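K.L.:
Starting off with a structure, shown below.
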Amino acid sequence: MQRLNPFSTWQPETPLPYGANLNGDRRSPEFTVSVATRGAPIEAWRESARFPATRHCLRRFGSSVIDWRTDGGPEDWVVRYDSDGTAVVSGRCAAR
């Protein structure tokens with residue numbers, strides 16, 4: 001019996017509601033994620049940012065642990081908005 005690797009396709013189980021793009025050097029643990037939020041609150045688009053970041057960290061650094069840039073608690077991400085309203089968050093892949 002062949003086992004399926006849930007990470008082989010690198011796609012979410014269900015479609016994410018917002019488009020997101022990860023920007024970062026393949027060798028650096030630092031990255032940013034841009035999310036086309038259409039004005040939605042962070043609670044609505046957080047998973048759309050988290051998925052490509054987790055995929056990046058697993059592929060490049062072997063761990064899904066991410067240190068997000070926060071302003072207080074772990075879920076209080078620092079969010080910067082581009083002129084077109086795109087939300088940008090940043091993080092760092094943690095060492096395994």
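We label chains A, B, ... in the order they appear in the structure tokens, count residues from 1 in each chain, and number ligands from 1 in the order shown.
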So that I can check the surroundings of Asp67 of chain A, please list as a ChimeraX atom specification every protein, DNA and RNA residue that reaches within 9 Å of it, counting only C-alpha atoms and ignoring chain neighbours fewer than 5 positions away.
P.N.:
/A:74,90-94
K.L.:
Keeping all heavy atoms for every residue in the selection just given, could you write it to a file as a compact mmCIF listing (two decimals), in the first residue's frame?
P.N.:
# COMPACT_ATOMS: atom_id res chain seq x y z
N PRO A 74 1.26 36.66 20.27
CA PRO A 74 1.65 35.89 19.09
C PRO A 74 0.70 36.05 17.89
O PRO A 74 1.10 35.86 16.76
CB PRO A 74 1.66 34.44 19.58
CG PRO A 74 0.85 34.45 20.82
CD PRO A 74 0.96 35.82 21.41
N SER A 90 5.37 39.97 7.87
CA SER A 90 6.70 39.38 7.75
C SER A 90 6.94 38.39 8.87
O SER A 90 6.31 38.44 9.94
CB SER A 90 7.78 40.46 7.73
OG SER A 90 7.75 41.20 8.93
N GLY A 91 7.86 37.48 8.60
CA GLY A 91 8.19 36.46 9.57
C GLY A 91 9.55 35.87 9.32
O GLY A 91 10.26 36.28 8.39
N ARG A 92 9.88 34.90 10.13
CA ARG A 92 11.18 34.22 10.05
C ARG A 92 10.94 32.74 10.34
O ARG A 92 10.29 32.40 11.32
CB ARG A 92 12.13 34.82 11.06
CG ARG A 92 13.48 34.17 11.12
CD ARG A 92 14.35 34.85 12.21
NE ARG A 92 15.62 34.21 12.30
CZ ARG A 92 16.67 34.46 11.52
NH1 ARG A 92 16.55 35.36 10.57
NH2 ARG A 92 17.80 33.82 11.68
N CYS A 93 11.48 31.89 9.49
CA CYS A 93 11.40 30.45 9.73
C CYS A 93 12.28 30.13 10.92
O CYS A 93 13.45 30.52 10.97
CB CYS A 93 11.89 29.68 8.50
SG CYS A 93 10.98 30.03 6.99
N ALA A 94 11.73 29.44 11.90
CA ALA A 94 12.49 29.09 13.09
C ALA A 94 13.32 27.84 12.81
O ALA A 94 12.95 27.00 11.99
CB ALA A 94 11.54 28.84 14.26
K.L.:
Skip segment 53-59 of chain A itself and residues of its chain fewer than 5 positions away, then list as a PyMOL selection string all residues within 12 Å of it, counting only C-alpha atoms.
P.N.:
chain A and resi 6-12+20-35+46-48+64-68+89-96
K.L.:
Using the chain letters and numbers from this document, which residues of chain A does DSSP assign to helix (DSSP H, G or I), as a ChimeraX atom specification?
P.N.:
/A:42-61
K.L.:
Grab the atom CA of Arg80 of chain A to atom CA of Phe61 of chain A distance for me, in Å with one decimal place.
P.N.:
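A separation of 25.5 Å between them.
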K.L.:
Which residue is closest to Gly39 of chain A? Choose from A:Gly72, A:Phe51, A:Val78, A:Tyr18 and count only C-alpha atoms.
P.N.:
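Nearest candidate to Gly39 of chain A out of A:Gly72, A:Phe51, A:Val78, A:Tyr18: A:Tyr18.
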K.L.:
Distance atom CA of Ala87 of chain A-atom CA of Thr37 of chain A, one decimal place?
P.N.:
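Atom CA of Thr37 of chain A lies at a distance of 6.5 Å from atom CA of Ala87 of chain A.
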K.L.:
Using DSSP secondary structure from the backbone, list all strand (DSSP E or B) positions within segment 2-78 of chain A, as a ChimeraX atom specification.
P.N.:
/A:20-23,30-35,66-68,70,77
K.L.:
Measuring between only C-alpha atoms, which one of A:Ala44, A:Trp77, A:Val88, A:Gly62 shows the shortest distance to Leu16 of chain A?
P.N.:
A:Ala44
K.L.:
What separation in Å, quoted to one decimal, exists between atom CA of Pro15 of chain A and atom CA of Arg60 of chain A?
P.N.:
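Taking atom CA of Pro15 of chain A and atom CA of Arg60 of chain A, their separation equals 23.1 Å.
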